[in-house]
Structure formats: structure tokens, C-alpha cells
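Input: a single structure, listed below in C-alpha cells.
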Amino acid sequence: MGDSKPSVDMTDEEIIKMVLREPAFFGHIIERYESKMRRYIRRLGVREPEDQDDVLQEIFMKVYKNINGFDVQLSFSSWLYRIAHNESISWYRKKSVRPEGHLVFDSEEILEFQETMLDSSEVSHDKQLNAQEVSRALESLDQKYRDVLVLRYFEHKEYEEISDILKIPIGSVGTLIHRGKNQLHQIINHDAVRV
Amino acid sequence: MKNNNSQLESQEFKSKLSECVIERICTERVTPKSKLYFCLREVLVWILWAISVVVGILAVSVTVYVYLHTHFSIYEATHDTFILFAYEALPYLWLGVFVLMTVLAIIHLRCTKHGYRHSLIKLTVSSILFSIFGGVLIYYTGFGHILDTKLGKMIPMYKSLETREMSLWQMPEEGRLVGVYTKVDGEESPYIIFRDYAGEVWIINTADLFERDIELLTTEAQVRVIGVVIDSVGMNFHACGVFPWMYDKTYMPMDEMAKERREFLQRVYAQKSRVLNKAKELESEVFDNEVNKPMGLCAELAIVRRIEESMR
């Protein structure tokens, strides 16, 4: 196995090189990303913890099987998010359910998201939207818009990373975010949600 | 309370997930797919892309050849309007192949490692431009013509340009012949022997032909002749114009065809005015002698009527 073990300050890419030599080190990758991935798939609509466990196992199994296909030009995180996204979609298909959110956004995140949204001149007067209503509006968004908004405002991904995760052109990321915001604005019933 | 329990369960699993996965890897003896697999997969996608591009380029080269070498200079000889001519001249099969190959090339490109980074519009426009540029280059090598002709010989269902042109032009009853000059019937005689594509031998009166037409005929190359059948039993044909069968397959023949058309129009007007002048000179005389009659024949061809109609 050798003396060297993955340490906290090692990059993902360095750990992956070690995993290729010693599969047991793969556990370090899992531990590094487990909570992030669990949160992400929960936001994508995999709500039940048991389902999350299943999906997470499949995600990491797939990562391991395809580890030689990891494109070093991408960040490992983007590649992992891509697999997680695809695996969640597969899970919906297997379960024959629509990928709907289930109020999975934390209040703080929603407030933060509102702040970002309020930067837009279109909604600048709606300073006090009810977090629950925004969360519900997010859930009723079209899947393609919700995917980019979740990655941008809840996972705090850059446009290039979103492009790599969803395998769409960077220009389309911007367009989808813009349209997603517009649709969200239309969905929110302003009169009903004012505090 | 329920919420706390589920959080606890989840937390408990969280610490076990890596163990579970590692255990599965060991018990199921899972090994990562080899680098070669991913390399071959990428290479395969690029090969499929290259095939689509090459076929697309060939389709463009045949399309360019077919469309440019369809004899538009005297389209009135075979069609009532230019729109109808242009519509029928389009090689739909090759256009279809080109569109299909462009779509496949785009799909394959998007399946490459970084293909998703480019927008659909960018991929579509670049694929089309690339195919057109490549297709025109290949056309200049004469490959468009070779492919079209070879396919025409190999596949009975496929109609090559030459087959299509032949079916339009080897129609004596419509005043169109394709064939080769054989010999002059007497030194001073305007009559020549002409063997058409169907193997029929015609006696052709060349009295109304211009010097350029005669030169073209006597090269003994295959030519197109327009005129009038005087006697279908005696195989007499009065020629009004001679045109090359096909132009060089490796360059754009538009200039030649345009020049050919200009000259033909000048000839039509010249013949018309000759008939009118003769009519004025003779006024009440009946035009029934052999010298006058052919001049009237050429001026009254369907192609002349159509040209006049389109000029109005």
C-alpha cells in the first residue's frame, strides 16, 4: 500500500492518482464529497434518505468504474456533479416519477437566493418575499431552469462549471439562468407572499 | 422527533457510505474501465464524425457538379420556365444526403469530450461551411463527376446527370438530338450525316447554323442539336443550333453557358429579322421554296417562342 496516505490538503486529482494505485483510497473521495452530493441530490428531488443512500452508492460506484475516463481538463468536482445529476435523472426514470423538489431548500439559502434575485431590477421592489413561497416557486420551475439555478445559487458554481456539469454551452447557461429567473418571477404571486 | 430520527439515520449512514462502497467494490470485484476503453470510445466518435464529414463533402461535390453542369444556357429548349427547370435540376438525393450527414456530424461532434461546449448554431454553421468548402474543392478535382457517373453505371435506380440530360435531349420529335457528326454529304452541300445516341442516322441540314456550330460539329465530339424534324421517315432534320454535350467537369462552366446563351439569343433575333426582311421583300409571294422555309422553321421553334415570352 505504501507509506503515503491521502491527506486533507491533497487535491482531488492527487487522490485519484493514488486511487488508481490503491482502490481503498477511494473512501477519501467519498468522505470528501458525501455531504455535498447528498445535499445536491436532495435539491434535485431525491428526498427520502433511503433513496439518497441508494443514489449516492450508485454515484460513487459509477465514479469508481469510470475513474479512468475522468477528463483532467475538467475539475473533479464538476465531473462528480455531472455523474450525480445524471444518476438522479436515471433514478427518476426508474421510479417513473417527475423530478419535483420537496421544499428542500434551507431558509438561509432561500434568503441568500432572494438577495441575488433582488439584484435584478425586475424584482427590486419585492424586498420581503416569503422564503417558503420562493422555495415552492423554485420547485414548480421547469426542470432545465431549476437545474441551472440550483447549481448557480445553491451550489455556488461558476458558469463554466455549470456548463461542464450539465454538458451545455456556457452561453446557454447564461440564457437558462436569465429565463429561469424570469419564470420564477412570473410564478411568484407577489400579492400573496408579501409579509 | 421524526425529523431528528431520520437525520440520525442519515448521519449514521454517512459515516458508513465509504465503507459500503468499498465493500461493494471488493465483493463485486469491480474494476475501473481501462483508459483504452475511453480512448477507443473517443476515437470511434471522431471516426464517425469524419465519415459523416467526408460523405457530406462528397454529397456537396456531386450537388455542385450536377447543378452547375445541367444545361441552363438553353433551358427553354426543355422547360417552359426557369423556375421549373431549376426545380427539376436540383439533385434532391444528394441534398438529402448532405443534410443527413450534417446532422450526424453535429451529433457526433456533440458526443466528443468537449463537444457540448459549442453552441448548436456554431456547430451547424461551421459544419455546413466546412462541407461546402470541402465539397467545392473536391468538385475541382473532378470527383463529383466521377462519383455521379460511376454510381449511374453501378446502380440502375440511380440517374446520373448524363442519363438525365440524355433523357431530356434525345427526343427528335421535340426537336432535340444528341449524337456525333459522321461526314459531309458532298463538298458544297449543307447536309451532313449525324448518328444520334439511339444509333439512328440522320441527314441534317446545316444551312442555318453559324460557323461556331459547324466548328463544334466537326470536332466529332458528342453534341446537342436543336432543330426541326423535316421528315421522320427519311430521317431529315433541320438544325438550328449546336451545343456542347458536357463542359469540362473540373471547373465552373457558368461563363461558357452564359456566353452560349447570349450567342444563341443573338442568333434567334438575327434569324427572326431575316425572315421578316424576306417577307417584306417578297410581300405577296408565297414562301414555299426550300431556301426560305428553313429560316422560318428556326424562328418558329418552341424554344424561340419561350425566349420571346420570357423577354416580354
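Ordered as shown in the C-alpha cells, chains take letters A, B, and onward, while each chain numbers its residues from 1 and ligands are numbered from 1 in the order shown.
Near chain A, the residues of chain B that fall inside 6 Å (using only C-alpha atoms) are Ser18, Pro32, Lys33, Lys35, Phe38, Tyr116, Arg117, His118 and Ser119 of chain B.
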Residue list (helix (DSSP H, G or I), DSSP) for range 67-203 of chain B, as a PDB file with C-alpha atoms, in the first residue's frame:
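Final file, states-v7.pdb:
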```pdb
ATOM      1  CA  TYR B  67     -26.375  21.657 -60.608  1.00  0.00           C
ATOM      2  CA  LEU B  68     -23.699  23.558 -62.492  1.00  0.00           C
ATOM      3  CA  HIS B  69     -23.493  21.174 -65.411  1.00  0.00           C
ATOM      4  CA  PHE B  72     -29.169  26.103 -68.112  1.00  0.00           C
ATOM      5  CA  SER B  73     -27.976  28.174 -71.084  1.00  0.00           C
ATOM      6  CA  ILE B  74     -30.843  26.928 -73.239  1.00  0.00           C
ATOM      7  CA  TYR B  75     -33.278  25.811 -70.559  1.00  0.00           C
ATOM      8  CA  GLU B  76     -36.142  26.975 -72.786  1.00  0.00           C
ATOM      9  CA  ALA B  77     -35.420  24.017 -75.056  1.00  0.00           C
ATOM     10  CA  PHE B  82     -36.572  28.778 -65.430  1.00  0.00           C
ATOM     11  CA  ILE B  83     -38.177  28.069 -62.057  1.00  0.00           C
ATOM     12  CA  LEU B  84     -39.416  24.700 -63.297  1.00  0.00           C
ATOM     13  CA  PHE B  85     -36.009  23.984 -64.810  1.00  0.00           C
ATOM     14  CA  ALA B  86     -34.168  24.928 -61.614  1.00  0.00           C
ATOM     15  CA  TYR B  87     -36.597  22.888 -59.518  1.00  0.00           C
ATOM     16  CA  GLU B  88     -36.131  19.772 -61.638  1.00  0.00           C
ATOM     17  CA  ALA B  89     -32.379  20.207 -61.882  1.00  0.00           C
ATOM     18  CA  TYR B  92     -32.581  16.075 -54.144  1.00  0.00           C
ATOM     19  CA  LEU B  93     -30.947  12.774 -53.257  1.00  0.00           C
ATOM     20  CA  TRP B  94     -27.582  14.436 -52.683  1.00  0.00           C
ATOM     21  CA  LEU B  95     -29.088  17.364 -50.865  1.00  0.00           C
ATOM     22  CA  GLY B  96     -30.800  14.870 -48.573  1.00  0.00           C
ATOM     23  CA  VAL B  97     -27.510  13.048 -48.015  1.00  0.00           C
ATOM     24  CA  PHE B  98     -25.798  16.361 -47.255  1.00  0.00           C
ATOM     25  CA  VAL B  99     -28.454  17.362 -44.690  1.00  0.00           C
ATOM     26  CA  LEU B 100     -28.367  13.914 -43.071  1.00  0.00           C
ATOM     27  CA  MET B 101     -24.578  13.904 -42.868  1.00  0.00           C
ATOM     28  CA  THR B 102     -24.528  17.420 -41.418  1.00  0.00           C
ATOM     29  CA  VAL B 103     -26.956  16.331 -38.690  1.00  0.00           C
ATOM     30  CA  LEU B 104     -24.877  13.211 -37.971  1.00  0.00           C
ATOM     31  CA  ALA B 105     -21.653  15.232 -37.909  1.00  0.00           C
ATOM     32  CA  ILE B 106     -23.183  17.630 -35.380  1.00  0.00           C
ATOM     33  CA  ILE B 107     -24.455  14.754 -33.231  1.00  0.00           C
ATOM     34  CA  HIS B 108     -21.046  13.064 -33.286  1.00  0.00           C
ATOM     35  CA  LEU B 109     -19.277  16.310 -32.526  1.00  0.00           C
ATOM     36  CA  ARG B 110     -21.519  16.871 -29.528  1.00  0.00           C
ATOM     37  CA  CYS B 111     -20.665  13.367 -28.326  1.00  0.00           C
ATOM     38  CA  GLY B 115     -18.369  18.972 -27.950  1.00  0.00           C
ATOM     39  CA  TYR B 116     -21.045  20.250 -25.579  1.00  0.00           C
ATOM     40  CA  ARG B 117     -19.104  23.484 -25.083  1.00  0.00           C
ATOM     41  CA  LEU B 120     -25.727  24.248 -31.807  1.00  0.00           C
ATOM     42  CA  ILE B 121     -25.716  27.253 -34.135  1.00  0.00           C
ATOM     43  CA  LYS B 122     -21.913  27.406 -34.129  1.00  0.00           C
ATOM     44  CA  LEU B 123     -21.656  23.678 -34.825  1.00  0.00           C
ATOM     45  CA  THR B 124     -24.304  23.790 -37.559  1.00  0.00           C
ATOM     46  CA  VAL B 125     -22.869  26.811 -39.361  1.00  0.00           C
ATOM     47  CA  SER B 126     -19.286  25.551 -39.140  1.00  0.00           C
ATOM     48  CA  SER B 127     -20.295  22.055 -40.323  1.00  0.00           C
ATOM     49  CA  ILE B 128     -22.210  23.445 -43.296  1.00  0.00           C
ATOM     50  CA  LEU B 129     -19.422  25.840 -44.270  1.00  0.00           C
ATOM     51  CA  PHE B 130     -16.798  23.133 -43.855  1.00  0.00           C
ATOM     52  CA  SER B 131     -18.777  20.723 -46.069  1.00  0.00           C
ATOM     53  CA  ILE B 132     -19.423  23.357 -48.724  1.00  0.00           C
ATOM     54  CA  PHE B 133     -15.780  24.453 -48.787  1.00  0.00           C
ATOM     55  CA  GLY B 134     -14.558  20.846 -48.928  1.00  0.00           C
ATOM     56  CA  GLY B 135     -17.225  19.890 -51.463  1.00  0.00           C
ATOM     57  CA  VAL B 136     -16.251  22.690 -53.851  1.00  0.00           C
ATOM     58  CA  LEU B 137     -12.575  21.762 -53.530  1.00  0.00           C
ATOM     59  CA  ILE B 138     -13.359  18.113 -54.295  1.00  0.00           C
ATOM     60  CA  TYR B 139     -15.535  19.223 -57.207  1.00  0.00           C
ATOM     61  CA  TYR B 140     -12.498  20.888 -58.791  1.00  0.00           C
ATOM     62  CA  PHE B 143     -14.516  13.666 -58.218  1.00  0.00           C
ATOM     63  CA  GLY B 144     -18.107  14.899 -58.216  1.00  0.00           C
ATOM     64  CA  HIS B 145     -18.436  13.877 -61.849  1.00  0.00           C
ATOM     65  CA  ILE B 146     -16.648  10.547 -61.313  1.00  0.00           C
ATOM     66  CA  LEU B 147     -18.886   9.634 -58.380  1.00  0.00           C
ATOM     67  CA  ASP B 148     -22.055  10.619 -60.204  1.00  0.00           C
ATOM     68  CA  THR B 149     -21.117   8.693 -63.351  1.00  0.00           C
ATOM     69  CA  LYS B 150     -19.863   5.590 -61.511  1.00  0.00           C
ATOM     70  CA  LEU B 151     -22.988   5.408 -59.387  1.00  0.00           C
ATOM     71  CA  GLY B 152     -25.094   5.808 -62.515  1.00  0.00           C
ATOM     72  CA  LYS B 153     -23.379   2.783 -64.044  1.00  0.00           C
ATOM     73  CA  MET B 154     -23.394   0.673 -60.895  1.00  0.00           C
ATOM     74  CA  LEU B 161     -26.610  13.788 -64.670  1.00  0.00           C
ATOM     75  CA  GLU B 162     -25.660  12.443 -68.090  1.00  0.00           C
ATOM     76  CA  THR B 163     -28.552   9.956 -68.009  1.00  0.00           C
ATOM     77  CA  ARG B 164     -30.990  12.686 -67.034  1.00  0.00           C
ATOM     78  CA  GLU B 165     -29.678  15.071 -69.671  1.00  0.00           C
ATOM     79  CA  MET B 166     -29.811  12.325 -72.269  1.00  0.00           C
ATOM     80  CA  SER B 167     -33.425  11.517 -71.462  1.00  0.00           C
ATOM     81  CA  LEU B 168     -34.235  15.227 -71.909  1.00  0.00           C
ATOM     82  CA  TRP B 169     -32.207  15.792 -75.054  1.00  0.00           C
ATOM     83  CA  PRO B 172     -36.168  14.020 -82.051  1.00  0.00           C
ATOM     84  CA  GLU B 173     -39.921  14.575 -82.041  1.00  0.00           C
ATOM     85  CA  GLU B 174     -39.320  17.556 -79.724  1.00  0.00           C
TER      86      GLU B 174
END
```
* **For CA of Gln222 in chain B and CA of Gln170 in chain B, the interatomic separation in Å (one decimal)** =>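 Taking CA of Gln222 in chain B as the start and CA of Gln170 in chain B as the end point, the length is 12.0 Å.
Surrounding range 188-202 of chain B within 7 Å are Gln170, Leu177, Val178, Gly179, Val180, Tyr181, Thr182, Lys183, Ala207, Met235, Asn236 and Phe237 of chain B, with only C-alpha atoms counted and residues fewer than 5 positions along the same chain left out.
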* Asked: B:Ser160, B:Ala221, B:Leu17, B:Leu48: which is nearest Val62 in chain B, counting only C-alpha atoms?
  -> B:Ser160
* **Contacts of Thr112 in chain B within 10 Å, only C-alpha atoms, excl. fewer than 4 positions in-chain, as number ranges by chain** => B: 41-46, 49, 107-108, 116
* Find the residues around Asp12 in chain A up to 7 Å (only C-alpha atoms counted), leave out those fewer than 3 positions away in its own chain, and share them as a PyMOL selection string. => chain A and resi 15-16+76
Could you save the residues just selected, with N, CA and C atoms, as a short mmCIF file (atom, residue, chain, number, x, y, z; two decimals), in the first residue's frame?
```cif
data_model
loop_
_atom_site.label_atom_id
_atom_site.label_comp_id
_atom_site.auth_asym_id
_atom_site.auth_seq_id
_atom_site.Cartn_x
_atom_site.Cartn_y
_atom_site.Cartn_z
N ILE A 15 -5.50 12.66 -5.18
CA ILE A 15 -6.08 11.46 -4.54
C ILE A 15 -6.47 10.43 -5.60
N ILE A 16 -7.01 10.93 -6.72
CA ILE A 16 -7.43 10.00 -7.79
C ILE A 16 -6.24 9.21 -8.32
N PHE A 76 -12.49 17.85 -10.89
CA PHE A 76 -13.09 16.58 -10.45
C PHE A 76 -14.49 16.82 -9.91
#
```
* Asked: By how many Å are CA of Thr11 in chain A and CA of Arg29 in chain B apart?
  -> 26.9 Å
* Could you check how far CA of Glu139 in chain A sits from CA of Tyr33 in chain A, in Å to one decimal? =>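 These two atoms are separated by 24.5 Å.
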* **Top pick for closest residue to Val150 in chain A, considering A:Leu138, A:Val72, A:Met10, A:Met37 and counting only C-alpha atoms** =>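 Using only C-alpha atoms, Val150 in chain A sits closest to A:Leu138.
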Apply DSSP to the backbone of this structure and, from range 107-239 of chain B, keep only the residues in strand (DSSP E); write these as an mmCIF file with C-alpha atoms, in the first residue's frame.
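Result file follows (part-v2.cif):
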```
data_model
loop_
_atom_site.group_PDB
_atom_site.id
_atom_site.type_symbol
_atom_site.label_atom_id
_atom_site.label_comp_id
_atom_site.auth_asym_id
_atom_site.auth_seq_id
_atom_site.Cartn_x
_atom_site.Cartn_y
_atom_site.Cartn_z
ATOM 1 C CA ARG B 176 -33.625 17.747 -79.773
ATOM 2 C CA LEU B 177 -30.850 15.338 -80.691
ATOM 3 C CA VAL B 178 -27.681 14.090 -79.036
ATOM 4 C CA GLY B 179 -25.018 12.436 -81.122
ATOM 5 C CA VAL B 180 -21.931 12.781 -83.263
ATOM 6 C CA TYR B 181 -21.215 14.157 -86.711
ATOM 7 C CA THR B 182 -20.148 11.467 -89.169
ATOM 8 C CA LYS B 183 -19.309 13.001 -92.526
ATOM 9 C CA VAL B 184 -20.207 15.753 -95.002
ATOM 10 C CA TYR B 191 -26.184 18.354 -95.481
ATOM 11 C CA ILE B 192 -24.252 16.170 -93.069
ATOM 12 C CA ILE B 193 -24.649 12.688 -91.658
ATOM 13 C CA PHE B 194 -25.302 12.562 -87.926
ATOM 14 C CA ARG B 195 -25.597 9.499 -85.715
ATOM 15 C CA ASP B 196 -27.724 10.102 -82.638
ATOM 16 C CA VAL B 201 -28.608 8.078 -88.668
ATOM 17 C CA TRP B 202 -29.948 11.497 -89.643
ATOM 18 C CA ILE B 203 -29.385 13.726 -92.646
ATOM 19 C CA ILE B 204 -29.027 17.138 -91.125
ATOM 20 C CA ASN B 205 -29.376 20.415 -92.976
ATOM 21 C CA VAL B 223 -23.043 17.390 -79.179
ATOM 22 C CA ARG B 224 -26.610 18.552 -78.625
ATOM 23 C CA VAL B 225 -28.535 19.760 -81.640
ATOM 24 C CA ILE B 226 -31.805 21.642 -81.658
ATOM 25 C CA GLY B 227 -33.935 21.987 -84.733
ATOM 26 C CA VAL B 228 -36.924 20.523 -86.531
ATOM 27 C CA VAL B 229 -37.637 17.085 -87.954
ATOM 28 C CA ILE B 230 -38.451 17.652 -91.630
ATOM 29 C CA ASP B 231 -39.103 14.041 -92.463
ATOM 30 C CA ASN B 236 -34.232 14.554 -92.324
ATOM 31 C CA PHE B 237 -33.542 17.116 -89.630
ATOM 32 C CA HIS B 238 -33.072 20.843 -89.945
ATOM 33 C CA ALA B 239 -30.511 22.059 -87.387
#
```
